[in-house]
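**Student:** I'd like to ask you about the structure that follows.
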Amino acid sequence: MLDIKALAASIDGKPILRGIDLSVPPGQIHAIMGPNGSGKSTLGYVLAGREEYEVTGGSVTFAGADLLAMEPEARAAAGLFLAFQAPVELPGVGNANFLRTALNAVRRARGEAELDAVQFLKLARAEAKRLAMPEDMLKRNVNVGFSGGEKKRNEVLQMALLRPRMAILDETDSGLDIDALKIVADGVNALRGPEFSALVITHHQRLLDHLVPDRVHVLAQGRILQSGGAELARELEASGYAGVVAAAA
Amino acid sequence: MATAMRAGGVPGGVDAFLARFAADAAALPGDGAARRDAAAALTRLGLPGTTAGRRPEAWHFTSLRPLAGLNFVAPVPVLGAPLTIPGFDPAGFTGPRLVFTDGVFDAAASAAPGFATNGAGAGDTLADLRANSLDALNAMLCRDGAAIDIAAGIDGGTLLLVHRAQSPGSSAHPRHRIRIGSQARLSLIEIACGAGETLHNPMSEILLEEGAELHHVRLQLEDRSAFHLASLHARLAAGAIYRGFTLALGARLARTELNLHLVGPGAQAEAHAVQLLSDRQHGDITSCIAHDAPGCASRQQVKNVLTDQAHGVFQGQIQVAQAAQKTDGYQMHQALLLSDGAAVDCKPQLQIFADDVKCSHGATVGALDGDQLFYLQSRGVPRPAARAMLVRAFLDDALTAIADPRALSLAEQAVGGFFERHPA
């Protein structure tokens with residue numbers, strides 16, 4: 001599904017990613033863990049197409065296509081979704097209007113029929129209910145005045161509506177209490193299937209208890225230093241990253 | 001497309017208008033003496049920028065220089081065509097309406113309610129013709145205009161007042177008089193549109209008696225080769241409410257002067273404006289809100305959205321006289337620059353002579369937010385649509401403040417049309 005080869009990227013001339021190799025097959029969930037400043041969020045942004053980051057080397061193939069050659073909106077249409085660590089507030093843009101515009105843009109690009117207001121609201125209300133979101137969150141402006149947990153749930157709502165083939169969750173667990181964490185994990189688990197993959201960026205084991213990964217990778221200093229099964233996350237939770245980083249040095 | 005005649009041997013600019021007045025004076029209706037006074041004032045004031053020498057302070061950011069070489073003739077209106085505006089749902093133009101074609105009342109295209117008719121002539125005026133070029137030009141050449149008079153206690157509903165220019169190379173100088181009686185109300189939607197290089201120089205005089213309420217949405221949709229030089233003078237008695245909103249998209253060069261005079265205690269005025277300009281358009285909103293009585297409130301929110309090489313101007317003066325204690329004034333100007341070549345000039349001016357007042361103002365200039373743009377794109381929204389969404393969001397509070405649903409619908413259609421013509 002996603003093949004990253006020797007990916008290097010920098011911002012303002014400063015190298016952040018220094019050669020990432022990572023392959024996520026269809027149907028698998030991979031976790032990326034690592035200390036602060038290791039490049040985890042940068043990886044998410046580069047994959048989603050944030051233009052401030054300059055790709056200085058390597059390649060990314062997504063569902064057979066050259067991902068790095070695509071505009072961010074084309075990546076979304078192709079089925080890539082980045083759940084933001086800090087979801088952006090859009091004052092003056094109603095959440096329902098935003099969600100419908102996004103959904104119909106993606107549907108149009110995929111050659112599917114657009115949804116009218118009635119069809120859309122029915123779908124959005126059902127998904128919002130599943131995520132235990134109050135219905136007025138559809139009426140409010142996008143993420144404006146939302147609590148940290150509400151913003152994260154709004155990300156998962158967008159993901160549920162856009163039905164990506166590949167979701168990158170950038171610290172979607174941060175700022176969530178135990179109940180909200182479970183709801184978010186359930187939202188991702190509901191999408192699981194042979195055609196859905198995810199890259200879960202997290203600091204903590206906690207989310208991975210609910211969202212059990214097939215593989216866990218440790219990202220530090222812009223490289224993947226170690227990979228393993230789900231048990232690696234538990235080992236890291238107990239021993240920290242220092243050992244991994246020192247061993248690689 | 002026909003254009004105004006280039007001055008070749010014939011003087012352009014202010015001299016052309018004065019020459020036209022000298023030739024046509026006998027045929028113009030009303031008080032000849034008032035017109036001659038106006039001509040004298042115009043001779044003295046000139047059209048700022050059309051002649052050599054320093055422009056007056058109020059014209060520091062806007063020059064009428066493009067008028068210098070032009071000679072606009074008196075139009076010969078062809079009346080009676082049904083009212084349509086490209087890009088707008090015709091259903092919005094049914095119901096009570098006054099239509100002026102090339103500055104002349106077009107009865108066949110209108111559906112005038114009992115309280116509204118047309119009327120020409122000079123006479124008493126709220127405008128100080130000695131001070132203002134645009135008012136003097138209007139007073140000298142006006143032929144016709146709306147005469148709206150709502151008796152005390154009556155709700156006039158919604159009335160459309162449309163100016164359409166049909167004769168390229170001509171100029172129209174309508175004078176609209178609006179009186180809303182005590183405790184009466186009206187929602188007035190004014191639309192200026194047309195085709196070709198024309199000049200539209202309207203003056204509106206508005207009298208709001210005690211407790212009267214006027215919702216006034218003005219949509220300036222002139223042809224992009226046209227000139228729009230408008231002035232408005234409103235006088236608010238005690239407890240009167242004026243809710244004004246100007247949306248300006250058209251014209252090559254536009255200036256709108258809003259003069260609101262709060263003379264009765266407890267009057268409330270809004271003078272909001274939005275300009276959406278592209279190419280080399282120049283749009284100027286100049287306002288003066290004068291608080292002369294205690295306990296009045298004024299609100300002003302002006303937004304400039306500028307792209308290409310467009311130039312936006314906002315000059316906002318708030319005057320608080322010594323007697324106007326407990327004044328509550330607020331003014332905000334925000335500009336969104338969508339290109340490197342766009343520019344905005346903003347001049348807020350507060351003159352406060354009372355000591356117990358609440359008066360604040362602010363101004364911001366910015367570009368679209370990169371984080372917001374990327375967020376929308378990452379959700380599949382193509383970049384041009386994402387930019388349009390964010391510009392619409394920038395305008396959201398201004399547009400949703402329009403209380404009349406018909407006016408809001410027309411304003412939304414106008415804004416939507418801008419995005420279609422200029423995919424950001």
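Residue numbering restarts at 1 in every chain; chains get A, B, ... in the order shown in the structure tokens, and ligands count up from 1 in that same order.
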Identify, with DSSP run on backbone atoms, the residues in stretch 76-293 of chain B assigned to helix (DSSP H, G or I), and express the list as a list in words.
**Tutor:**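 DSSP on the backbone gives helix (DSSP H, G or I) at Pro90, Ala91, Gly92, Phe93, Ala107, Ala108, Ala109, Ser133, Leu134, Asp135, Ala136, Leu137, Asn138, Ala139, Met140 and Leu141 of chain B.
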**Student:** What does the file look like for those residues with all heavy atoms, as a compact mmCIF listing (two decimals), in the first residue's frame?
**Tutor:**
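As a result, selection_4.txt now contains:
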```
# COMPACT_ATOMS: atom_id res chain seq x y z
N PRO B 90 -33.19 35.55 -11.39
CA PRO B 90 -34.17 36.63 -11.64
C PRO B 90 -35.26 36.69 -10.57
O PRO B 90 -35.89 37.74 -10.39
CB PRO B 90 -34.76 36.27 -13.01
CG PRO B 90 -33.98 35.14 -13.53
CD PRO B 90 -33.14 34.56 -12.45
N ALA B 91 -35.49 35.59 -9.87
CA ALA B 91 -36.51 35.58 -8.82
C ALA B 91 -36.21 36.63 -7.76
O ALA B 91 -37.12 37.13 -7.08
CB ALA B 91 -36.61 34.20 -8.19
N GLY B 92 -34.93 37.01 -7.63
CA GLY B 92 -34.55 38.01 -6.63
C GLY B 92 -34.98 39.41 -7.01
O GLY B 92 -34.92 40.33 -6.19
N PHE B 93 -35.43 39.60 -8.27
CA PHE B 93 -35.76 40.96 -8.73
C PHE B 93 -37.26 41.17 -8.90
O PHE B 93 -37.69 42.14 -9.52
CB PHE B 93 -35.04 41.26 -10.05
CG PHE B 93 -33.57 41.02 -9.98
CD1 PHE B 93 -32.92 40.24 -10.90
CD2 PHE B 93 -32.83 41.56 -8.93
CE1 PHE B 93 -31.56 40.01 -10.82
CE2 PHE B 93 -31.48 41.34 -8.84
CZ PHE B 93 -30.84 40.55 -9.77
N ALA B 107 -40.34 53.24 -15.58
CA ALA B 107 -41.60 52.80 -14.97
C ALA B 107 -41.97 51.39 -15.40
O ALA B 107 -42.46 50.59 -14.60
CB ALA B 107 -42.71 53.78 -15.36
N ALA B 108 -41.70 51.05 -16.67
CA ALA B 108 -42.12 49.74 -17.18
C ALA B 108 -41.35 48.60 -16.51
O ALA B 108 -41.87 47.50 -16.35
CB ALA B 108 -41.92 49.69 -18.69
N ALA B 109 -40.13 48.87 -16.11
CA ALA B 109 -39.32 47.83 -15.46
C ALA B 109 -39.52 47.83 -13.95
O ALA B 109 -39.02 46.96 -13.25
CB ALA B 109 -37.85 48.03 -15.79
N SER B 133 -16.65 67.48 -4.03
CA SER B 133 -16.69 67.42 -5.49
C SER B 133 -17.81 66.50 -6.00
O SER B 133 -18.52 66.84 -6.95
CB SER B 133 -15.37 66.88 -6.04
OG SER B 133 -14.30 67.69 -5.61
N LEU B 134 -17.93 65.33 -5.38
CA LEU B 134 -18.89 64.36 -5.90
C LEU B 134 -20.32 64.87 -5.72
O LEU B 134 -21.17 64.69 -6.61
CB LEU B 134 -18.73 63.01 -5.18
CG LEU B 134 -17.35 62.37 -5.25
CD1 LEU B 134 -17.39 60.96 -4.68
CD2 LEU B 134 -16.83 62.36 -6.67
N ASP B 135 -20.60 65.50 -4.56
CA ASP B 135 -21.93 66.05 -4.33
C ASP B 135 -22.22 67.20 -5.28
O ASP B 135 -23.33 67.34 -5.79
CB ASP B 135 -22.06 66.53 -2.88
CG ASP B 135 -22.07 65.38 -1.89
OD1 ASP B 135 -22.44 64.26 -2.29
OD2 ASP B 135 -21.72 65.61 -0.71
N ALA B 136 -21.22 68.04 -5.53
CA ALA B 136 -21.41 69.18 -6.43
C ALA B 136 -21.68 68.70 -7.84
O ALA B 136 -22.58 69.23 -8.53
CB ALA B 136 -20.18 70.08 -6.39
N LEU B 137 -20.94 67.68 -8.28
CA LEU B 137 -21.14 67.14 -9.63
C LEU B 137 -22.56 66.59 -9.76
O LEU B 137 -23.25 66.81 -10.75
CB LEU B 137 -20.10 66.03 -9.90
CG LEU B 137 -20.17 65.33 -11.26
CD1 LEU B 137 -19.95 66.32 -12.40
CD2 LEU B 137 -19.13 64.20 -11.32
N ASN B 138 -22.99 65.89 -8.70
CA ASN B 138 -24.35 65.34 -8.72
C ASN B 138 -25.40 66.45 -8.76
O ASN B 138 -26.34 66.40 -9.57
CB ASN B 138 -24.56 64.44 -7.49
CG ASN B 138 -25.98 63.97 -7.37
OD1 ASN B 138 -26.85 64.70 -6.91
ND2 ASN B 138 -26.25 62.74 -7.82
N ALA B 139 -25.22 67.43 -7.91
CA ALA B 139 -26.23 68.49 -7.81
C ALA B 139 -26.31 69.29 -9.11
O ALA B 139 -27.37 69.79 -9.48
CB ALA B 139 -25.89 69.41 -6.64
N MET B 140 -25.21 69.39 -9.81
CA MET B 140 -25.19 70.14 -11.05
C MET B 140 -25.94 69.41 -12.17
O MET B 140 -26.67 70.02 -12.96
CB MET B 140 -23.74 70.40 -11.46
CG MET B 140 -23.57 71.24 -12.72
SD MET B 140 -21.83 71.54 -13.08
CE MET B 140 -21.34 70.02 -13.88
N LEU B 141 -25.80 68.10 -12.23
CA LEU B 141 -26.29 67.36 -13.41
C LEU B 141 -27.44 66.40 -13.15
O LEU B 141 -27.92 65.74 -14.07
CB LEU B 141 -25.12 66.57 -14.03
CG LEU B 141 -24.05 67.41 -14.73
CD1 LEU B 141 -22.91 66.53 -15.21
CD2 LEU B 141 -24.64 68.19 -15.90
```
**Student:** Find the spatial neighbours of B:Gly312, counting only C-alpha atoms, within a cut-off of 12 Å - ignore same-chain residues fewer than 4 positions away - and output them as an NGL selection string.
**Tutor:** :B and (61-62 or 248-249 or 252-256 or 273-286 or 302-308 or 333-337 or 341-347 or 365)
**Student:** Which chain A residues have any atom within 6 Å of an atom of chain B, and for each, what is the nearest pair of atoms with distance in Å to one decimal, counting only C-alpha atoms, rows sorted by chain and number, as a Markdown table?
**Tutor:**
```
| residue | atom | partner | partner_atom | distance |
| --- | --- | --- | --- | --- |
| A:Pro72 | CA | B:Ser378 | CA | 5.2 |
| A:Glu73 | CA | B:Gly380 | CA | 4.0 |
| A:Ala76 | CA | B:Gly380 | CA | 4.9 |
| A:Ala77 | CA | B:Gly380 | CA | 5.7 |
| A:Gly92 | CA | B:Ala393 | CA | 4.1 |
| A:Val93 | CA | B:Ala393 | CA | 5.5 |
| A:Ala102 | CA | B:Val381 | CA | 5.4 |
| A:Ala105 | CA | B:Val381 | CA | 5.7 |
| A:Val106 | CA | B:Gly380 | CA | 5.4 |
```
**Student:** Please measure the separation of atom CA of A:Ala124 and atom CA of A:Arg75, giving the value in Å to one decimal.
**Tutor:** 22.4 Å
**Student:** Hey, can you check how far atom CA of B:Gln349 sits from atom CA of B:Arg130?
**Tutor:**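 Computing the Euclidean distance for atom CA of B:Gln349 and atom CA of B:Arg130 yields 22.1 Å.
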**Student:** Show me, as number ranges by chain, the residues that have an atom within 12 Å of A:Glu114 when counting only C-alpha atoms, minus same-chain residues fewer than 5 positions from it.
**Tutor:** A: 100-109, 119-120
**Student:** For the residues selected in the previous step, produce a file with N, CA and C atoms as a PDB file, in the first residue's frame.
**Tutor:**
```
ATOM      1  N   ARG A 100     -18.846  18.259   4.144  1.00  0.00           N
ATOM      2  CA  ARG A 100     -19.524  17.918   2.894  1.00  0.00           C
ATOM      3  C   ARG A 100     -18.678  18.329   1.685  1.00  0.00           C
ATOM      4  N   THR A 101     -18.054  19.513   1.782  1.00  0.00           N
ATOM      5  CA  THR A 101     -17.182  19.963   0.689  1.00  0.00           C
ATOM      6  C   THR A 101     -16.034  18.977   0.479  1.00  0.00           C
ATOM      7  N   ALA A 102     -15.423  18.552   1.595  1.00  0.00           N
ATOM      8  CA  ALA A 102     -14.303  17.611   1.514  1.00  0.00           C
ATOM      9  C   ALA A 102     -14.779  16.277   0.942  1.00  0.00           C
ATOM     10  N   LEU A 103     -15.887  15.787   1.490  1.00  0.00           N
ATOM     11  CA  LEU A 103     -16.375  14.473   1.062  1.00  0.00           C
ATOM     12  C   LEU A 103     -16.727  14.498  -0.426  1.00  0.00           C
ATOM     13  N   ASN A 104     -17.417  15.546  -0.862  1.00  0.00           N
ATOM     14  CA  ASN A 104     -17.824  15.595  -2.262  1.00  0.00           C
ATOM     15  C   ASN A 104     -16.636  15.825  -3.194  1.00  0.00           C
ATOM     16  N   ALA A 105     -15.631  16.577  -2.722  1.00  0.00           N
ATOM     17  CA  ALA A 105     -14.425  16.764  -3.540  1.00  0.00           C
ATOM     18  C   ALA A 105     -13.746  15.418  -3.768  1.00  0.00           C
ATOM     19  N   VAL A 106     -13.656  14.641  -2.700  1.00  0.00           N
ATOM     20  CA  VAL A 106     -13.001  13.337  -2.794  1.00  0.00           C
ATOM     21  C   VAL A 106     -13.845  12.377  -3.633  1.00  0.00           C
ATOM     22  N   ARG A 107     -15.164  12.417  -3.427  1.00  0.00           N
ATOM     23  CA  ARG A 107     -16.044  11.530  -4.207  1.00  0.00           C
ATOM     24  C   ARG A 107     -15.961  11.862  -5.705  1.00  0.00           C
ATOM     25  N   ARG A 108     -15.948  13.186  -5.994  1.00  0.00           N
ATOM     26  CA  ARG A 108     -15.859  13.623  -7.390  1.00  0.00           C
ATOM     27  C   ARG A 108     -14.566  13.094  -8.016  1.00  0.00           C
ATOM     28  N   ALA A 109     -13.461  13.269  -7.270  1.00  0.00           N
ATOM     29  CA  ALA A 109     -12.160  12.844  -7.787  1.00  0.00           C
ATOM     30  C   ALA A 109     -12.123  11.328  -7.980  1.00  0.00           C
ATOM     31  N   GLN A 119     -28.671  13.706   2.073  1.00  0.00           N
ATOM     32  CA  GLN A 119     -27.899  12.459   2.154  1.00  0.00           C
ATOM     33  C   GLN A 119     -26.684  12.625   3.047  1.00  0.00           C
ATOM     34  N   PHE A 120     -26.023  13.783   2.874  1.00  0.00           N
ATOM     35  CA  PHE A 120     -24.812  14.011   3.646  1.00  0.00           C
ATOM     36  C   PHE A 120     -25.117  14.072   5.134  1.00  0.00           C
TER      37      PHE A 120
END
```
**Student:** Residues within 10 Å of A:Val212, please, as a ChimeraX atom specification. Count only C-alpha atoms; anything in the same chain fewer than 5 positions from it doesn't count.
**Tutor:** /A:28-31,185,189,205,207,229-231
**Student:** Using only N, CA and C atoms, please write the residues we just selected to a file, as an mmCIF file, in the first residue's frame.
**Tutor:**
```cif
data_model
loop_
_atom_site.group_PDB
_atom_site.id
_atom_site.type_symbol
_atom_site.label_atom_id
_atom_site.label_comp_id
_atom_site.auth_asym_id
_atom_site.auth_seq_id
_atom_site.Cartn_x
_atom_site.Cartn_y
_atom_site.Cartn_z
ATOM 1 N N GLN A 28 -2.612 -3.713 6.981
ATOM 2 C CA GLN A 28 -1.807 -3.695 8.213
ATOM 3 C C GLN A 28 -1.807 -2.339 8.910
ATOM 4 N N ILE A 29 -1.624 -2.407 10.220
ATOM 5 C CA ILE A 29 -1.437 -1.190 10.995
ATOM 6 C C ILE A 29 -0.011 -1.187 11.531
ATOM 7 N N HIS A 30 0.709 -0.114 11.212
ATOM 8 C CA HIS A 30 2.064 0.033 11.740
ATOM 9 C C HIS A 30 2.105 1.212 12.698
ATOM 10 N N ALA A 31 2.878 1.066 13.747
ATOM 11 C CA ALA A 31 3.037 2.162 14.697
ATOM 12 C C ALA A 31 4.431 2.746 14.548
ATOM 13 N N ALA A 185 -10.086 4.785 18.981
ATOM 14 C CA ALA A 185 -9.533 3.500 18.531
ATOM 15 C C ALA A 185 -10.615 2.672 17.853
ATOM 16 N N ASN A 189 -10.612 1.095 14.213
ATOM 17 C CA ASN A 189 -10.824 -0.356 14.066
ATOM 18 C C ASN A 189 -11.991 -0.661 13.133
ATOM 19 N N GLN A 205 2.203 3.632 24.632
ATOM 20 C CA GLN A 205 1.680 2.291 24.442
ATOM 21 C C GLN A 205 0.147 2.280 24.479
ATOM 22 N N LEU A 207 -2.569 3.809 23.343
ATOM 23 C CA LEU A 207 -3.436 3.696 22.165
ATOM 24 C C LEU A 207 -3.279 2.318 21.525
ATOM 25 N N GLY A 229 7.563 -6.479 16.384
ATOM 26 C CA GLY A 229 6.132 -6.740 16.499
ATOM 27 C C GLY A 229 5.514 -5.860 17.573
ATOM 28 N N ALA A 230 4.249 -6.136 17.890
ATOM 29 C CA ALA A 230 3.512 -5.325 18.855
ATOM 30 C C ALA A 230 4.221 -5.287 20.210
ATOM 31 N N GLU A 231 4.972 -6.350 20.503
ATOM 32 C CA GLU A 231 5.628 -6.410 21.820
ATOM 33 C C GLU A 231 6.698 -5.341 21.988
#
```
**Student:** Got a sec: who's within 12 Å of A:Gln85, counting only C-alpha atoms, leaving out chain neighbours fewer than 6 positions off, as number ranges by chain?
**Tutor:** A: 40-42, 44-45, 148-149, 151-156, 168-176, 200-203; B: 375
**Student:** Taking the backbone alone, and naming residues the way the document does, which bits of stretch 88-288 of chain B are strand (DSSP E or B) by DSSP, as a ChimeraX atom specification?
**Tutor:** /B:97-101,104-105,111,116-118,146-150,155-165,170-172,175-180,185-194,199-200,203-208,213-221,227-236,241-248,253-262,268-277,282-288
**Student:** Given the choices A:Arg140, A:Lys129, A:Arg18, A:Arg50, which gets closest to A:Gly187 if the distance is worked out from only C-alpha atoms?
**Tutor:** A:Lys129
**Student:** Can you pull out the residues contacting A:Arg192? Cut-off 12 Å, using only C-alpha atoms, and skip same-chain residues under 5 positions away; I want them as a compact mmCIF listing (two decimals) with N, CA and C atoms, in the first residue's frame.
**Tutor:**
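The resulting file, around-v1.txt, is shown below:
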```txt
# COMPACT_ATOMS: atom_id res chain seq x y z
N PRO A 26 -1.09 -3.67 2.47
CA PRO A 26 -2.53 -3.49 2.65
C PRO A 26 -3.03 -4.30 3.85
N GLY A 27 -3.95 -3.70 4.60
CA GLY A 27 -4.58 -4.41 5.71
C GLY A 27 -3.80 -4.35 7.01
N GLN A 28 -2.61 -3.71 6.98
CA GLN A 28 -1.81 -3.69 8.21
C GLN A 28 -1.81 -2.34 8.91
N ILE A 29 -1.62 -2.41 10.22
CA ILE A 29 -1.44 -1.19 10.99
C ILE A 29 -0.01 -1.19 11.53
N ALA A 160 -13.65 8.84 9.02
CA ALA A 160 -14.74 7.88 8.82
C ALA A 160 -15.53 8.24 7.56
N ARG A 163 -13.26 7.74 4.25
CA ARG A 163 -12.93 6.33 4.02
C ARG A 163 -11.61 6.15 3.28
N PRO A 164 -10.51 6.55 3.92
CA PRO A 164 -9.21 6.44 3.25
C PRO A 164 -8.74 4.98 3.17
N ARG A 165 -7.77 4.74 2.28
CA ARG A 165 -7.11 3.43 2.23
C ARG A 165 -5.93 3.41 3.18
N MET A 166 -5.46 4.62 3.50
CA MET A 166 -4.27 4.72 4.34
C MET A 166 -4.45 5.91 5.27
N ALA A 167 -4.48 5.64 6.56
CA ALA A 167 -4.62 6.73 7.51
C ALA A 167 -3.32 6.90 8.28
N ALA A 185 -10.09 4.79 18.98
CA ALA A 185 -9.53 3.50 18.53
C ALA A 185 -10.62 2.67 17.85
N ASP A 186 -11.81 2.69 18.42
CA ASP A 186 -12.93 1.96 17.80
C ASP A 186 -13.23 2.51 16.41
N GLY A 187 -13.12 3.84 16.29
CA GLY A 187 -13.37 4.48 14.99
C GLY A 187 -12.39 3.98 13.94
N SER A 197 -5.02 0.46 5.56
CA SER A 197 -3.77 0.43 6.33
C SER A 197 -3.69 1.70 7.17
N ALA A 198 -2.87 1.65 8.19
CA ALA A 198 -2.69 2.84 9.01
C ALA A 198 -1.27 2.92 9.52
N LEU A 211 -5.52 -0.48 19.65
CA LEU A 211 -5.32 -0.48 18.20
C LEU A 211 -4.06 -1.30 17.96
N VAL A 212 -4.20 -2.59 17.97
CA VAL A 212 -3.02 -3.45 18.03
C VAL A 212 -2.28 -3.43 16.69
N PRO A 213 -1.01 -3.00 16.70
CA PRO A 213 -0.28 -2.87 15.43
C PRO A 213 0.32 -4.21 14.97
```
**Student:** Residues at most 12 Å from B:Ala403, counting only C-alpha atoms, excluding those fewer than 5 positions away in the same chain, as a list in words?
**Tutor:**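 Listed by chain and then number, they are Thr158, Leu186, Ser187, Leu188, Ile189, Leu214, His215, His216, Val217, Arg243, Gly244, Phe245, Asp397, Ala398, Leu408, Ser409 and Ala411 of chain B.
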**Student:** Would you save the residues from that selection as a short mmCIF file (atom, residue, chain, number, x, y, z; two decimals), in the first residue's frame, using all heavy atoms?
**Tutor:**
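Written file, again_27.cif:
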```cif
data_model
loop_
_atom_site.label_atom_id
_atom_site.label_comp_id
_atom_site.auth_asym_id
_atom_site.auth_seq_id
_atom_site.Cartn_x
_atom_site.Cartn_y
_atom_site.Cartn_z
N THR B 158 -39.61 45.19 2.00
CA THR B 158 -38.35 45.22 1.25
C THR B 158 -38.56 45.90 -0.10
O THR B 158 -39.50 45.58 -0.81
CB THR B 158 -37.82 43.79 1.02
OG1 THR B 158 -37.55 43.19 2.30
CG2 THR B 158 -36.54 43.80 0.20
N LEU B 186 -37.97 50.20 6.84
CA LEU B 186 -37.83 49.76 5.45
C LEU B 186 -36.54 48.96 5.32
O LEU B 186 -35.54 49.26 5.96
CB LEU B 186 -37.76 50.98 4.51
CG LEU B 186 -37.55 50.66 3.01
CD1 LEU B 186 -38.80 49.98 2.43
CD2 LEU B 186 -37.23 51.92 2.22
N SER B 187 -36.62 47.93 4.48
CA SER B 187 -35.39 47.26 4.06
C SER B 187 -35.16 47.63 2.60
O SER B 187 -35.96 47.29 1.73
CB SER B 187 -35.56 45.73 4.21
OG SER B 187 -34.44 45.09 3.62
N LEU B 188 -34.11 48.36 2.35
CA LEU B 188 -33.81 48.86 1.00
C LEU B 188 -32.59 48.14 0.46
O LEU B 188 -31.53 48.12 1.08
CB LEU B 188 -33.55 50.37 1.06
CG LEU B 188 -33.26 51.05 -0.28
CD1 LEU B 188 -34.48 51.04 -1.19
CD2 LEU B 188 -32.81 52.51 -0.04
N ILE B 189 -32.76 47.53 -0.72
CA ILE B 189 -31.64 46.85 -1.37
C ILE B 189 -31.30 47.63 -2.63
O ILE B 189 -32.13 47.74 -3.53
CB ILE B 189 -32.00 45.39 -1.75
CG1 ILE B 189 -32.48 44.62 -0.52
CG2 ILE B 189 -30.81 44.70 -2.40
CD1 ILE B 189 -33.04 43.24 -0.85
N LEU B 214 -33.91 51.78 9.11
CA LEU B 214 -33.63 51.48 7.70
C LEU B 214 -32.51 50.45 7.62
O LEU B 214 -31.42 50.66 8.16
CB LEU B 214 -33.19 52.75 6.95
CG LEU B 214 -32.81 52.55 5.47
CD1 LEU B 214 -34.00 52.09 4.64
CD2 LEU B 214 -32.22 53.83 4.87
N HIS B 215 -32.83 49.33 6.96
CA HIS B 215 -31.79 48.36 6.62
C HIS B 215 -31.41 48.66 5.18
O HIS B 215 -32.27 48.64 4.31
CB HIS B 215 -32.31 46.93 6.75
CG HIS B 215 -32.59 46.53 8.16
ND1 HIS B 215 -32.33 45.29 8.65
CD2 HIS B 215 -33.09 47.23 9.20
CE1 HIS B 215 -32.66 45.24 9.93
NE2 HIS B 215 -33.12 46.40 10.29
N HIS B 216 -30.15 48.93 4.94
CA HIS B 216 -29.75 49.43 3.63
C HIS B 216 -28.57 48.61 3.12
O HIS B 216 -27.42 48.80 3.55
CB HIS B 216 -29.36 50.92 3.77
CG HIS B 216 -29.19 51.61 2.46
ND1 HIS B 216 -28.67 52.87 2.36
CD2 HIS B 216 -29.49 51.23 1.19
CE1 HIS B 216 -28.66 53.24 1.08
NE2 HIS B 216 -29.14 52.26 0.37
N VAL B 217 -28.84 47.68 2.22
CA VAL B 217 -27.78 46.87 1.63
C VAL B 217 -27.51 47.39 0.23
O VAL B 217 -28.42 47.49 -0.59
CB VAL B 217 -28.16 45.38 1.60
CG1 VAL B 217 -27.17 44.57 0.77
CG2 VAL B 217 -28.21 44.84 3.03
N ARG B 243 -28.91 50.59 9.43
CA ARG B 243 -28.02 49.43 9.31
C ARG B 243 -27.56 49.34 7.86
O ARG B 243 -28.26 48.80 7.01
CB ARG B 243 -28.75 48.15 9.73
CG ARG B 243 -29.19 48.18 11.20
CD ARG B 243 -29.72 46.84 11.65
NE ARG B 243 -28.67 45.82 11.55
CZ ARG B 243 -28.89 44.53 11.78
NH1 ARG B 243 -30.09 44.09 12.09
NH2 ARG B 243 -27.90 43.67 11.68
N GLY B 244 -26.39 49.89 7.60
CA GLY B 244 -25.89 49.97 6.23
C GLY B 244 -24.81 48.93 5.97
O GLY B 244 -23.96 48.66 6.82
N PHE B 245 -24.88 48.34 4.79
CA PHE B 245 -23.85 47.38 4.36
C PHE B 245 -23.59 47.60 2.88
O PHE B 245 -24.50 47.53 2.07
CB PHE B 245 -24.32 45.94 4.61
CG PHE B 245 -23.37 44.89 4.08
CD1 PHE B 245 -22.23 44.56 4.79
CD2 PHE B 245 -23.60 44.26 2.87
CE1 PHE B 245 -21.33 43.61 4.30
CE2 PHE B 245 -22.71 43.31 2.37
CZ PHE B 245 -21.59 42.98 3.09
N ASP B 397 -18.71 36.75 8.97
CA ASP B 397 -19.45 37.53 9.97
C ASP B 397 -20.09 38.77 9.35
O ASP B 397 -21.18 39.18 9.76
CB ASP B 397 -18.57 37.88 11.18
CG ASP B 397 -17.25 38.50 10.78
OD1 ASP B 397 -16.91 38.50 9.59
OD2 ASP B 397 -16.54 39.00 11.68
N ALA B 398 -19.44 39.33 8.32
CA ALA B 398 -20.02 40.51 7.66
C ALA B 398 -21.29 40.13 6.91
O ALA B 398 -22.29 40.84 6.97
CB ALA B 398 -19.01 41.14 6.72
N LEU B 408 -29.41 39.16 1.74
CA LEU B 408 -28.33 38.21 2.00
C LEU B 408 -28.12 37.30 0.79
O LEU B 408 -26.99 37.05 0.36
CB LEU B 408 -28.64 37.38 3.26
CG LEU B 408 -27.64 36.28 3.59
CD1 LEU B 408 -26.25 36.85 3.81
CD2 LEU B 408 -28.08 35.50 4.83
N SER B 409 -29.23 36.83 0.21
CA SER B 409 -29.14 35.95 -0.95
C SER B 409 -28.45 36.66 -2.12
O SER B 409 -27.59 36.08 -2.79
CB SER B 409 -30.54 35.47 -1.32
OG SER B 409 -30.55 34.97 -2.64
N ALA B 411 -26.39 39.21 -1.91
CA ALA B 411 -24.99 39.42 -1.55
C ALA B 411 -24.19 38.14 -1.73
O ALA B 411 -23.07 38.15 -2.26
CB ALA B 411 -24.88 39.92 -0.11
#
```
**Student:** Determine the nearest neighbour of B:Gly295 from the options B:Ala321, B:Ala267, B:Met203, B:Ala363, counting only C-alpha atoms.
**Tutor:** B:Ala267
